[in-house]
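Structure data (CSV, C-alpha atoms) from final-v5.csv:
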```csv
chain,number,residue,atom,x,y,z
D,1,MET,CA,27.0,-80.3,-150.5
D,2,TYR,CA,30.2,-80.7,-148.4
D,3,LYS,CA,33.2,-81.5,-150.6
D,4,MET,CA,36.2,-83.4,-149.3
D,5,THR,CA,39.6,-82.8,-150.8
D,6,GLY,CA,43.2,-84.0,-150.6
D,7,ILE,CA,44.3,-86.4,-147.9
D,8,HIS,CA,40.9,-86.1,-146.2
D,9,SER,CA,39.2,-87.5,-149.3
D,10,THR,CA,41.7,-90.3,-149.6
D,11,LEU,CA,41.5,-91.4,-146.0
D,12,THR,CA,37.7,-91.3,-146.0
D,13,THR,CA,37.6,-93.5,-149.2
D,14,VAL,CA,40.0,-96.0,-147.6
D,15,ARG,CA,37.9,-96.1,-144.4
D,16,TYR,CA,34.7,-96.5,-146.5
D,17,VAL,CA,36.2,-99.6,-148.3
D,18,LYS,CA,37.1,-101.1,-144.9
D,19,ASP,CA,33.8,-100.5,-143.2
D,20,GLN,CA,30.9,-99.0,-145.2
D,21,LEU,CA,28.4,-98.8,-142.4
D,22,ALA,CA,30.5,-97.2,-139.8
D,23,SER,CA,31.9,-94.8,-142.4
D,24,SER,CA,28.4,-93.9,-143.6
D,25,MET,CA,27.3,-93.0,-140.1
D,26,ARG,CA,30.5,-90.9,-139.5
D,27,ILE,CA,30.2,-89.1,-142.8
D,28,TYR,CA,26.5,-88.1,-142.1
D,29,GLN,CA,27.1,-87.1,-138.5
D,30,LYS,CA,30.1,-85.0,-139.3
D,31,TYR,CA,29.3,-83.5,-142.7
D,32,GLY,CA,25.5,-83.8,-143.3
D,33,PRO,CA,23.2,-85.5,-145.7
D,34,LEU,CA,25.0,-84.8,-149.0
D,35,VAL,CA,28.8,-85.2,-149.2
D,36,SER,CA,31.2,-85.5,-152.1
D,37,ILE,CA,33.8,-87.9,-150.8
D,38,ASN,CA,35.6,-87.3,-154.0
D,39,PRO,CA,34.4,-86.1,-157.5
D,40,LYS,CA,33.5,-89.8,-158.3
D,41,ILE,CA,31.7,-90.8,-155.1
D,42,ILE,CA,28.7,-88.9,-153.6
D,43,HIS,CA,27.2,-90.0,-150.3
D,44,CYS,CA,23.6,-89.1,-149.5
D,45,VAL,CA,21.2,-89.7,-146.6
D,46,GLY,CA,17.5,-89.0,-146.2
D,47,PRO,CA,14.2,-89.5,-148.0
D,48,GLU,CA,14.3,-86.3,-150.1
D,49,LEU,CA,17.7,-87.1,-151.6
D,50,ALA,CA,16.7,-90.8,-152.0
D,51,LYS,CA,13.5,-89.7,-153.8
D,52,GLU,CA,15.4,-87.4,-156.2
D,53,VAL,CA,17.9,-90.1,-157.1
D,54,MET,CA,15.6,-93.1,-157.3
D,55,LEU,CA,12.7,-91.5,-159.1
D,56,ASN,CA,15.0,-90.2,-161.8
D,57,TYR,CA,16.1,-93.8,-162.7
D,58,LYS,CA,17.0,-93.0,-166.3
D,59,MET,CA,19.6,-90.5,-165.1
D,60,PHE,CA,20.8,-92.2,-162.0
D,61,LEU,CA,21.4,-95.7,-163.4
D,62,GLY,CA,21.7,-99.0,-161.7
D,63,GLY,CA,25.2,-100.0,-160.6
D,64,VAL,CA,27.2,-103.0,-159.7
D,65,ILE,CA,29.0,-103.5,-156.4
D,66,MET,CA,31.3,-106.3,-157.8
D,67,ILE,CA,34.9,-105.3,-158.5
D,68,LYS,CA,35.7,-104.5,-162.1
D,69,GLY,CA,37.2,-107.2,-164.3
D,70,PRO,CA,38.2,-107.6,-168.0
D,71,GLU,CA,35.1,-107.1,-170.2
D,72,ASP,CA,35.9,-110.2,-172.3
D,73,SER,CA,36.4,-112.5,-169.3
D,74,ALA,CA,33.8,-114.8,-167.7
D,75,TYR,CA,33.9,-112.6,-164.6
D,76,GLY,CA,33.3,-109.5,-166.9
D,77,HIS,CA,30.3,-111.3,-168.4
D,78,LEU,CA,28.9,-112.1,-164.9
D,79,ARG,CA,29.3,-108.5,-163.8
D,80,LYS,CA,26.8,-107.3,-166.4
D,81,VAL,CA,23.9,-108.2,-164.2
D,82,TYR,CA,20.2,-107.4,-164.2
D,83,PHE,CA,20.3,-104.9,-161.4
D,84,ALA,CA,22.9,-102.9,-163.5
D,85,ALA,CA,20.8,-103.1,-166.6
D,86,ASN,CA,19.5,-99.7,-167.9
D,87,HIS,CA,17.2,-98.1,-170.5
D,88,ASP,CA,15.8,-100.5,-173.0
D,89,GLU,CA,17.4,-103.6,-171.5
D,90,TYR,CA,16.0,-102.9,-168.0
D,91,ASP,CA,12.6,-102.0,-169.3
D,92,HIS,CA,12.5,-105.2,-171.4
D,93,TYR,CA,13.3,-107.5,-168.5
D,94,GLN,CA,11.2,-105.6,-166.0
D,95,LYS,CA,8.2,-106.4,-168.2
D,96,GLN,CA,9.4,-110.0,-168.7
D,97,PHE,CA,9.9,-110.7,-165.0
D,98,ARG,CA,6.9,-108.8,-163.5
D,99,PRO,CA,4.4,-111.7,-163.8
D,100,TYR,CA,6.6,-114.0,-161.6
D,101,PHE,CA,6.4,-111.5,-158.7
D,102,LYS,CA,2.6,-111.1,-158.7
D,103,LYS,CA,1.1,-111.9,-155.3
D,104,PRO,CA,-0.8,-115.1,-156.3
D,105,VAL,CA,2.4,-116.5,-157.9
D,106,VAL,CA,4.5,-115.7,-154.8
D,107,ASN,CA,1.8,-117.2,-152.5
D,108,SER,CA,1.8,-120.4,-154.5
D,109,THR,CA,5.3,-121.1,-153.2
D,110,LEU,CA,4.6,-120.5,-149.5
D,111,ASN,CA,3.8,-124.1,-148.6
D,112,ASP,CA,7.1,-125.3,-150.2
D,113,ILE,CA,9.0,-122.5,-148.5
D,114,ALA,CA,7.5,-123.4,-145.1
D,115,ARG,CA,8.2,-127.1,-145.6
D,116,VAL,CA,11.9,-126.4,-146.6
D,117,CYS,CA,12.3,-124.2,-143.5
D,118,ALA,CA,10.9,-126.9,-141.2
D,119,GLU,CA,13.1,-129.6,-142.7
D,120,GLU,CA,16.3,-127.5,-142.5
D,121,ILE,CA,15.6,-126.3,-138.9
D,122,ALA,CA,15.0,-129.9,-137.8
D,123,LYS,CA,18.6,-130.6,-138.7
D,124,TRP,CA,20.0,-127.9,-136.5
D,125,PRO,CA,21.9,-129.2,-133.4
D,126,LYS,CA,19.9,-128.7,-130.2
D,127,GLY,CA,21.3,-127.7,-126.9
D,128,GLN,CA,24.7,-126.6,-128.1
D,129,LYS,CA,26.5,-123.6,-129.6
D,130,ILE,CA,26.3,-123.6,-133.3
D,131,ASP,CA,27.8,-121.7,-136.3
D,132,PHE,CA,24.5,-120.1,-137.3
D,133,PHE,CA,25.4,-118.5,-140.6
D,134,PRO,CA,26.1,-121.6,-142.7
D,135,LEU,CA,22.9,-123.2,-141.4
D,136,VAL,CA,20.8,-120.2,-142.5
D,137,THR,CA,22.7,-120.1,-145.8
D,138,ASP,CA,21.7,-123.7,-146.5
D,139,LEU,CA,18.1,-122.9,-145.6
D,140,ALA,CA,18.0,-119.8,-147.7
D,141,THR,CA,19.5,-121.6,-150.7
D,142,ARG,CA,16.8,-124.2,-150.6
D,143,VAL,CA,14.2,-121.5,-150.3
D,144,ALA,CA,15.7,-119.8,-153.4
D,145,PHE,CA,15.5,-123.1,-155.3
D,146,VAL,CA,11.8,-123.7,-154.6
D,147,SER,CA,10.7,-120.1,-155.1
D,148,PHE,CA,13.1,-119.1,-158.0
D,149,VAL,CA,13.1,-122.2,-160.1
D,150,LYS,CA,10.6,-124.5,-158.4
D,151,GLU,CA,13.1,-127.4,-158.2
D,152,GLU,CA,15.0,-128.9,-155.3
D,153,HIS,CA,16.9,-132.1,-156.2
D,154,ASN,CA,19.3,-131.1,-158.9
D,155,PRO,CA,22.9,-131.6,-158.0
D,156,ILE,CA,24.1,-129.5,-160.9
D,157,ALA,CA,22.0,-126.6,-159.6
D,158,GLN,CA,23.5,-127.1,-156.1
D,159,HIS,CA,27.0,-127.1,-157.5
D,160,ALA,CA,26.2,-123.8,-159.4
D,161,ALA,CA,24.8,-122.3,-156.1
D,162,ASN,CA,28.1,-123.2,-154.3
D,163,GLU,CA,30.1,-121.6,-157.1
D,164,VAL,CA,28.0,-118.4,-157.0
D,165,GLN,CA,28.6,-118.1,-153.2
D,166,LYS,CA,32.4,-118.4,-153.7
D,167,LEU,CA,32.3,-115.7,-156.4
D,168,VAL,CA,30.2,-113.3,-154.3
D,169,LYS,CA,32.8,-113.6,-151.5
D,170,LEU,CA,35.7,-112.9,-153.8
D,171,GLY,CA,34.1,-110.2,-155.9
D,172,GLY,CA,32.8,-107.8,-153.2
D,173,LEU,CA,34.3,-104.4,-152.4
D,174,SER,CA,37.5,-105.1,-150.4
D,175,TRP,CA,40.9,-103.8,-149.8
D,176,ARG,CA,42.2,-107.1,-151.2
D,177,ASN,CA,41.0,-106.0,-154.6
D,178,ALA,CA,42.8,-102.7,-154.4
D,179,SER,CA,45.3,-103.8,-157.0
D,180,PRO,CA,43.3,-105.2,-159.9
D,181,LYS,CA,46.2,-107.1,-161.5
D,182,PRO,CA,46.3,-110.9,-162.1
D,183,TYR,CA,49.6,-111.5,-160.2
D,184,PRO,CA,50.2,-115.2,-159.4
D,185,GLY,CA,48.4,-116.0,-156.1
D,186,SER,CA,46.7,-112.6,-155.9
D,187,HIS,CA,43.1,-112.2,-154.7
D,188,TYR,CA,42.2,-110.6,-158.0
D,189,LYS,CA,43.6,-113.6,-160.0
D,190,LYS,CA,41.6,-116.0,-157.8
D,191,MET,CA,38.5,-113.9,-158.4
D,192,LEU,CA,38.9,-114.1,-162.2
D,193,ALA,CA,39.5,-117.9,-162.0
D,194,GLN,CA,36.4,-118.3,-159.9
D,195,GLY,CA,34.5,-116.3,-162.5
D,196,GLU,CA,35.3,-119.0,-165.1
D,197,LYS,CA,34.1,-121.8,-162.8
D,198,THR,CA,31.0,-119.9,-161.9
D,199,GLU,CA,30.0,-119.2,-165.4
D,200,GLN,CA,30.5,-122.8,-166.5
D,201,ALA,CA,28.5,-124.1,-163.5
D,202,LEU,CA,25.6,-121.7,-164.3
D,203,LEU,CA,25.5,-122.6,-168.0
D,204,ALA,CA,25.6,-126.3,-167.0
D,205,TRP,CA,22.6,-125.7,-164.8
D,206,ALA,CA,20.9,-123.8,-167.6
D,207,ASP,CA,21.4,-126.8,-170.0
D,208,THR,CA,19.4,-129.0,-167.6
D,209,ARG,CA,16.5,-126.7,-167.9
D,210,LYS,CA,16.2,-126.3,-171.7
D,211,SER,CA,13.1,-128.5,-171.8
D,212,VAL,CA,11.3,-126.4,-169.2
D,213,CYS,CA,8.7,-124.0,-170.7
D,214,PRO,CA,9.5,-120.3,-170.4
D,215,GLU,CA,6.3,-119.6,-168.4
D,216,HIS,CA,7.4,-122.0,-165.6
D,217,ASP,CA,9.8,-119.8,-163.8
D,218,ILE,CA,12.2,-116.8,-164.1
D,219,MET,CA,15.3,-118.9,-165.0
D,220,ALA,CA,13.4,-120.6,-167.8
D,221,SER,CA,12.2,-117.2,-169.0
D,222,ILE,CA,15.8,-115.9,-169.2
D,223,ILE,CA,16.9,-119.0,-171.1
D,224,HIS,CA,14.2,-119.2,-173.7
D,225,ARG,CA,12.9,-115.6,-174.3
D,226,ASP,CA,14.6,-113.1,-176.6
D,227,ASP,CA,16.6,-110.2,-175.3
D,228,GLU,CA,15.7,-106.5,-175.8
D,229,HIS,CA,17.0,-106.6,-179.4
D,230,GLY,CA,14.8,-109.6,-180.3
D,231,CYS,CA,17.8,-112.0,-180.3
D,232,PRO,CA,18.2,-115.2,-178.3
D,233,ALA,CA,19.8,-114.5,-174.9
D,234,SER,CA,23.5,-115.0,-175.0
D,235,ASN,CA,25.3,-117.5,-172.7
D,236,GLY,CA,26.8,-114.4,-170.9
D,237,ARG,CA,23.3,-112.9,-170.4
D,238,ILE,CA,21.9,-116.3,-169.2
D,239,ALA,CA,24.7,-116.8,-166.7
D,240,ALA,CA,24.8,-113.2,-165.4
D,241,TYR,CA,21.0,-112.8,-164.9
D,242,THR,CA,20.8,-116.2,-163.2
D,243,LEU,CA,23.6,-115.3,-160.9
D,244,ASN,CA,22.0,-112.0,-160.1
D,245,LEU,CA,18.5,-113.0,-159.5
D,246,PHE,CA,19.2,-116.4,-157.8
D,247,GLY,CA,22.2,-115.0,-155.8
D,248,ALA,CA,20.3,-111.9,-154.7
D,249,SER,CA,17.3,-114.1,-153.5
D,250,TYR,CA,19.3,-116.1,-151.1
D,251,GLU,CA,21.9,-113.5,-150.0
D,252,THR,CA,19.2,-111.1,-148.9
D,253,THR,CA,17.2,-113.9,-147.3
D,254,VAL,CA,20.3,-115.0,-145.3
D,255,SER,CA,20.8,-111.4,-144.1
D,256,ALA,CA,17.1,-110.9,-143.1
D,257,VAL,CA,16.6,-114.2,-141.4
D,258,SER,CA,19.9,-114.1,-139.6
D,259,TRP,CA,19.2,-110.7,-138.1
D,260,ALA,CA,15.6,-111.5,-137.3
D,261,CYS,CA,16.8,-114.6,-135.3
D,262,VAL,CA,19.4,-112.5,-133.5
D,263,LEU,CA,16.7,-110.0,-132.5
D,264,LEU,CA,14.4,-112.8,-131.3
D,265,ALA,CA,17.2,-114.2,-129.2
D,266,GLN,CA,18.0,-110.7,-127.8
D,267,TYR,CA,14.3,-110.0,-127.0
D,268,PRO,CA,12.8,-113.2,-125.7
D,269,LYS,CA,9.6,-111.5,-124.5
D,270,MET,CA,8.9,-110.3,-128.0
D,271,ALA,CA,9.6,-113.8,-129.3
D,272,GLN,CA,7.1,-115.2,-126.8
D,273,ARG,CA,4.5,-112.6,-127.7
D,274,ILE,CA,4.8,-113.6,-131.4
D,275,ARG,CA,4.6,-117.3,-130.4
D,276,ASP,CA,1.5,-116.6,-128.4
D,277,ASP,CA,-0.2,-114.9,-131.4
D,278,ILE,CA,0.6,-117.9,-133.5
D,279,GLU,CA,-0.9,-120.3,-130.9
D,280,LYS,CA,-4.0,-118.1,-130.6
D,281,ILE,CA,-4.9,-118.6,-134.2
D,282,GLY,CA,-4.3,-122.4,-133.8
D,283,TRP,CA,-1.6,-122.5,-136.5
D,284,SER,CA,0.8,-125.4,-136.5
D,285,GLU,CA,3.5,-126.8,-138.8
D,286,GLY,CA,1.9,-128.0,-142.1
D,287,ASP,CA,-1.0,-125.4,-142.0
D,288,ASP,CA,-1.3,-122.6,-144.6
D,289,PRO,CA,1.5,-120.1,-144.0
D,290,GLN,CA,-0.6,-117.4,-145.5
D,291,ARG,CA,-2.5,-117.1,-142.2
D,292,LEU,CA,0.7,-116.0,-140.4
D,293,ILE,CA,1.3,-113.1,-142.8
D,294,ASP,CA,-1.8,-111.3,-141.4
D,295,LEU,CA,-0.6,-111.3,-137.8
D,296,PRO,CA,0.0,-107.7,-136.9
D,297,LEU,CA,2.8,-108.2,-134.3
D,298,LEU,CA,4.7,-110.5,-136.7
D,299,ASP,CA,4.3,-107.8,-139.4
D,300,TRP,CA,5.6,-105.0,-137.1
D,301,PHE,CA,8.5,-107.2,-136.0
D,302,SER,CA,9.5,-107.8,-139.7
D,303,HIS,CA,9.3,-104.1,-140.6
D,304,GLU,CA,11.4,-103.2,-137.5
D,305,ALA,CA,14.0,-105.9,-138.2
D,306,LEU,CA,14.4,-104.8,-141.8
D,307,ARG,CA,14.5,-101.1,-140.7
D,308,LEU,CA,17.5,-101.8,-138.4
D,309,PHE,CA,19.2,-104.3,-140.7
D,310,PRO,CA,18.3,-103.7,-144.3
D,311,PRO,CA,19.7,-106.4,-146.6
D,312,GLY,CA,21.0,-103.7,-149.0
D,313,PRO,CA,22.3,-101.1,-146.5
D,314,MET,CA,24.2,-99.1,-149.1
D,315,GLN,CA,22.3,-98.6,-152.4
D,316,ARG,CA,24.4,-97.6,-155.5
D,317,ARG,CA,23.4,-95.5,-158.5
D,318,LYS,CA,25.6,-94.0,-161.3
D,319,ALA,CA,25.1,-90.7,-163.0
D,320,TRP,CA,24.6,-91.3,-166.7
D,321,LYS,CA,25.9,-87.8,-167.6
D,322,ASP,CA,26.6,-84.5,-166.0
D,323,THR,CA,23.5,-83.6,-163.9
D,324,GLU,CA,22.5,-82.1,-160.6
D,325,LEU,CA,21.4,-83.4,-157.2
D,326,ALA,CA,19.7,-81.0,-154.8
D,327,GLY,CA,20.9,-78.2,-157.0
D,328,ASN,CA,24.6,-79.4,-156.8
D,329,PRO,CA,26.5,-80.3,-159.9
D,330,ILE,CA,27.3,-84.0,-160.3
D,331,ARG,CA,29.8,-85.4,-162.8
D,332,GLY,CA,28.7,-87.9,-165.4
D,333,GLY,CA,29.9,-91.4,-164.3
D,334,ALA,CA,29.9,-90.5,-160.6
D,335,THR,CA,28.7,-93.1,-158.1
D,336,VAL,CA,25.9,-92.0,-155.9
D,337,LEU,CA,25.7,-94.0,-152.6
D,338,VAL,CA,22.2,-93.8,-150.9
D,339,SER,CA,22.6,-94.9,-147.3
D,340,ALA,CA,19.6,-97.0,-146.4
D,341,TRP,CA,21.3,-97.9,-143.2
D,342,GLN,CA,21.5,-94.2,-142.1
D,343,THR,CA,18.2,-93.1,-143.5
D,344,ASN,CA,16.4,-95.9,-141.6
D,345,ARG,CA,18.0,-94.5,-138.4
D,346,LEU,CA,17.0,-90.8,-138.8
D,347,GLU,CA,15.6,-89.5,-135.5
D,348,GLU,CA,13.1,-87.2,-137.3
D,349,LEU,CA,11.6,-90.3,-138.9
D,350,TYR,CA,12.1,-92.8,-136.1
D,351,PRO,CA,12.2,-91.5,-132.5
D,352,GLU,CA,14.9,-93.3,-130.5
D,353,PRO,CA,16.1,-94.8,-133.9
D,354,SER,CA,18.6,-97.3,-132.4
D,355,LYS,CA,15.9,-98.8,-130.2
D,356,PHE,CA,14.3,-102.1,-131.3
D,357,ASP,CA,10.6,-101.2,-131.1
D,358,PRO,CA,8.2,-103.1,-133.3
D,359,GLY,CA,5.3,-101.2,-131.7
D,360,ARG,CA,6.4,-98.1,-133.6
D,361,TRP,CA,4.7,-99.6,-136.6
D,362,ASP,CA,1.3,-99.9,-134.9
D,363,GLY,CA,-0.8,-97.5,-136.9
D,364,ASN,CA,2.2,-95.9,-138.5
D,365,SER,CA,3.6,-96.3,-142.0
D,366,HIS,CA,6.5,-94.7,-143.9
D,367,THR,CA,7.1,-94.1,-147.6
D,368,PRO,CA,9.6,-96.4,-149.4
D,369,TYR,CA,12.0,-93.4,-149.4
D,370,GLU,CA,11.8,-93.2,-145.6
D,371,TRP,CA,12.0,-97.0,-145.2
D,372,LEU,CA,14.7,-97.9,-147.7
D,373,SER,CA,14.9,-101.6,-146.9
D,374,PHE,CA,13.9,-102.6,-150.4
D,375,SER,CA,15.1,-99.4,-152.1
D,376,ALA,CA,12.4,-97.2,-153.8
D,377,GLY,CA,11.2,-95.8,-157.1
D,378,PRO,CA,10.8,-97.6,-160.5
D,379,ARG,CA,13.9,-99.8,-159.7
D,380,ARG,CA,12.6,-100.9,-156.3
D,381,CYS,CA,13.7,-104.4,-155.4
D,382,THR,CA,11.2,-107.0,-156.6
D,383,GLY,CA,11.8,-108.8,-153.3
D,384,ILE,CA,9.3,-106.4,-151.7
```
Spell out the structure here as C-alpha cells.
Amino acid sequence: MYKMTGIHSTLTTVRYVKDQLASSMRIYQKYGPLVSINPKIIHCVGPELAKEVMLNYKMFLGGVIMIKGPEDSAYGHLRKVYFAANHDEYDHYQKQFRPYFKKPVVNSTLNDIARVCAEEIAKWPKGQKIDFFPLVTDLATRVAFVSFVKEEHNPIAQHAANEVQKLVKLGGLSWRNASPKPYPGSHYKKMLAQGEKTEQALLAWADTRKSVCPEHDIMASIIHRDDEHGCPASNGRIAAYTLNLFGASYETTVSAVSWACVLLAQYPKMAQRIRDDIEKIGWSEGDDPQRLIDLPLLDWFSHEALRLFPPGPMQRRKAWKDTELAGNPIRGGATVLVSAWQTNRLEELYPEPSKFDPGRWDGNSHTPYEWLSFSAGPRRCTGI
C-alpha cells in the first residue's frame, strides 16, 4: 500500500474534495490500486480489494457521505440513515425491507412507471434546447412516488421531496463545508436550517400515511413496524430512513437516466438499433413494459451505460476497529473508498475501457465486484 504523507497528503485530500472522480483516476494511475491518502482515508480500486472490503461487511461498515452535524440537531438525526446502519439495526431492516424488492413486487409497478415516464416526456419542449436535468429530476421523483410509496397526488409528499432535494445539495461533500461552524450566513448554517425544514416536511408526510397498513409499501413499514429493539420507530428514524430510501431512489434514477439519454444522443445509430428492436416485437406505449426487459440490445446498453457512469461512483465503508486490508494495517475508524468509477474502467476487465461498446456484454458477464454499479456483497444496493 502506498502511503502519502505531509503536504502531498494534504493537497491530494483537497483535490479529492474538489473533484472525486478525476482524483480517483489520478491516484490509481500514479500510485496503484491501494493508497493511504492519509491515515483516515484509504483509496482502493479493483475487484479483489472490493471483494475483501464488501464481503466483510461487519468489519467494514456502511458510511455516510453527508457532512457531519450536531448529533442532537434535525440534520444530525437525518444523517443516521439506513445505508449507514450496521450490525443488529442493519440486519433487522434488511429483513424488513427485503419483501418489497422481490421481483413480482417490483414488476407490479412497471405499468405505473411507464405511464409516468410517458406523461412527463410528453411535457418536454420539442424542437428547442432545454435544461435537461430538472426535467429528468421531475420524472424520477414521480417514478419514486409510484414505486416507493405507490402514491402520486399528495402535495405534502411533493413538498417533502423538494425539501429533501435541497438538503442533499447542501449536505454533500464540498469545500463550502470545510469549516463546520454555524457562522451567520455560512453554508454550514444554511445546511443545519435546511435539516430542520426537511425533517419537519418528512414527518408531515409520514402523518398523512398513518392509516396505511405496514404491508403496503416501504414507508408504511418504517412508520408502523418496531425497530431492532422492539420499540416503535422514533420520529428521527422515520424521517432519516424515508429520506435515505426515497432520496436514493430518485437521485440514482436521475443519474442513470440522464447519462443513458446522453449516450443515446451521442450514438444515434445505437439509439436507432434499440428502436428497431422495440418495433420488431410490436411494442407500443401502453403495452406491458416487461416485454422490453427481455430485449438483449437494450440490456447490453443498460449494462454499458451503468458501467461507464455508475450512480454511486465512489463507495464508502468505515473500518469498525483496527484491521487489515490486503495484509496492510488499517486504523479503526478509517474511511475506505472503493472506486466503482475506476474499477469499471480497468483495461484487464474491459478492453478499451473508455469506449462505449454495448456489444461487449454479448455472451459476457462480470461479477458484482468487477461491475460495481450497484456495489456488491451483503450490502449490495437493493436497486439492483
Env of Ile121 in chain D: 9 Å cut, atoms = all atoms listed in the file, seq-sep filter 5 positions within chain, self excluded. Answer as a VMD selection string. chain D and resid 116 135 to 136 139
Residues just named, written with C-alpha atoms as a PDB file, in the coordinates of the input:
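Contents of again_26.pdb, freshly written:
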```
ATOM      1  CA  VAL D 116      11.900-126.400-146.600  1.00  0.00           C
ATOM      2  CA  LEU D 135      22.900-123.200-141.400  1.00  0.00           C
ATOM      3  CA  VAL D 136      20.800-120.200-142.500  1.00  0.00           C
ATOM      4  CA  LEU D 139      18.100-122.900-145.600  1.00  0.00           C
TER       5      LEU D 139
END
```
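Shortest atom-to-atom contact with Gly377 in chain D among D:Gly282, D:Pro125, D:Gly332, D:Pro47: D:Pro47, counting all atoms listed in the file.
The closest residue to Lys40 in chain D, picked from D:Gly230, D:Pro296, D:Pro329, D:Gly247 and counting only C-alpha atoms, is D:Pro329.
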Neighbour list for Asn364 in chain D as a ChimeraX atom specification, cut-off 12 Å, all atoms listed in the file, skip fewer than 6 positions in-chain: /D:300,303-304,349-350,358,371
The residue from D:Ile37, D:Arg307, D:Ile130, D:His43 with the smallest atom-to-atom distance to Ser365 in chain D, counting all atoms listed in the file, is D:Arg307
Leaving out range 59-63 of chain D and any residue of its chain fewer than 5 positions from it, which residues lie within 6 Å of it when counting all atoms listed in the file, given as an MDAnalysis selection string? chainID D and resid 84 316:320
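The residue that comes closest to Met219 in chain D, out of D:Asp131, D:Arg115, D:Glu251, D:Tyr100 and on the basis of all atoms listed in the file, is D:Tyr100.
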So how far away is CA of Asn56 in chain D from CA of Asn38 in chain D, in Å? 22.2 Å
At a cut-off of 10 Å from (14.1, -104.3, -153.8) in the coordinates of the file, what residues are picked up using only C-alpha atoms, written as a list in words? Phe83, Ala248, Thr252, Pro311, Gly312, Leu372, Ser373, Phe374, Ser375, Ala376, Gly377, Arg379, Arg380, Cys381, Thr382, Gly383 and Ile384 of chain D
Quick one: residues within 8 Å of range 191-204 of chain D, all atoms listed in the file counted, chain neighbours fewer than 5 positions away excluded, as a PyMOL selection string? chain D and resi 69+73-75+78+156-157+159-160+163-164+166-167+170-171+235-236+238-240+242-243
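For the residues D:Arg209, D:His366, D:Lys355, D:Arg237, ranking by smallest atom-to-atom distance to Val81 in chain D using all atoms listed in the file places D:Arg237 first.
Interatomic distance, CA of Leu295 in chain D against CA of Ser255 in chain D: 22.3 Å.
The space separating CA of Ala256 in chain D from CA of Asn244 in chain D comes to 17.7 Å.
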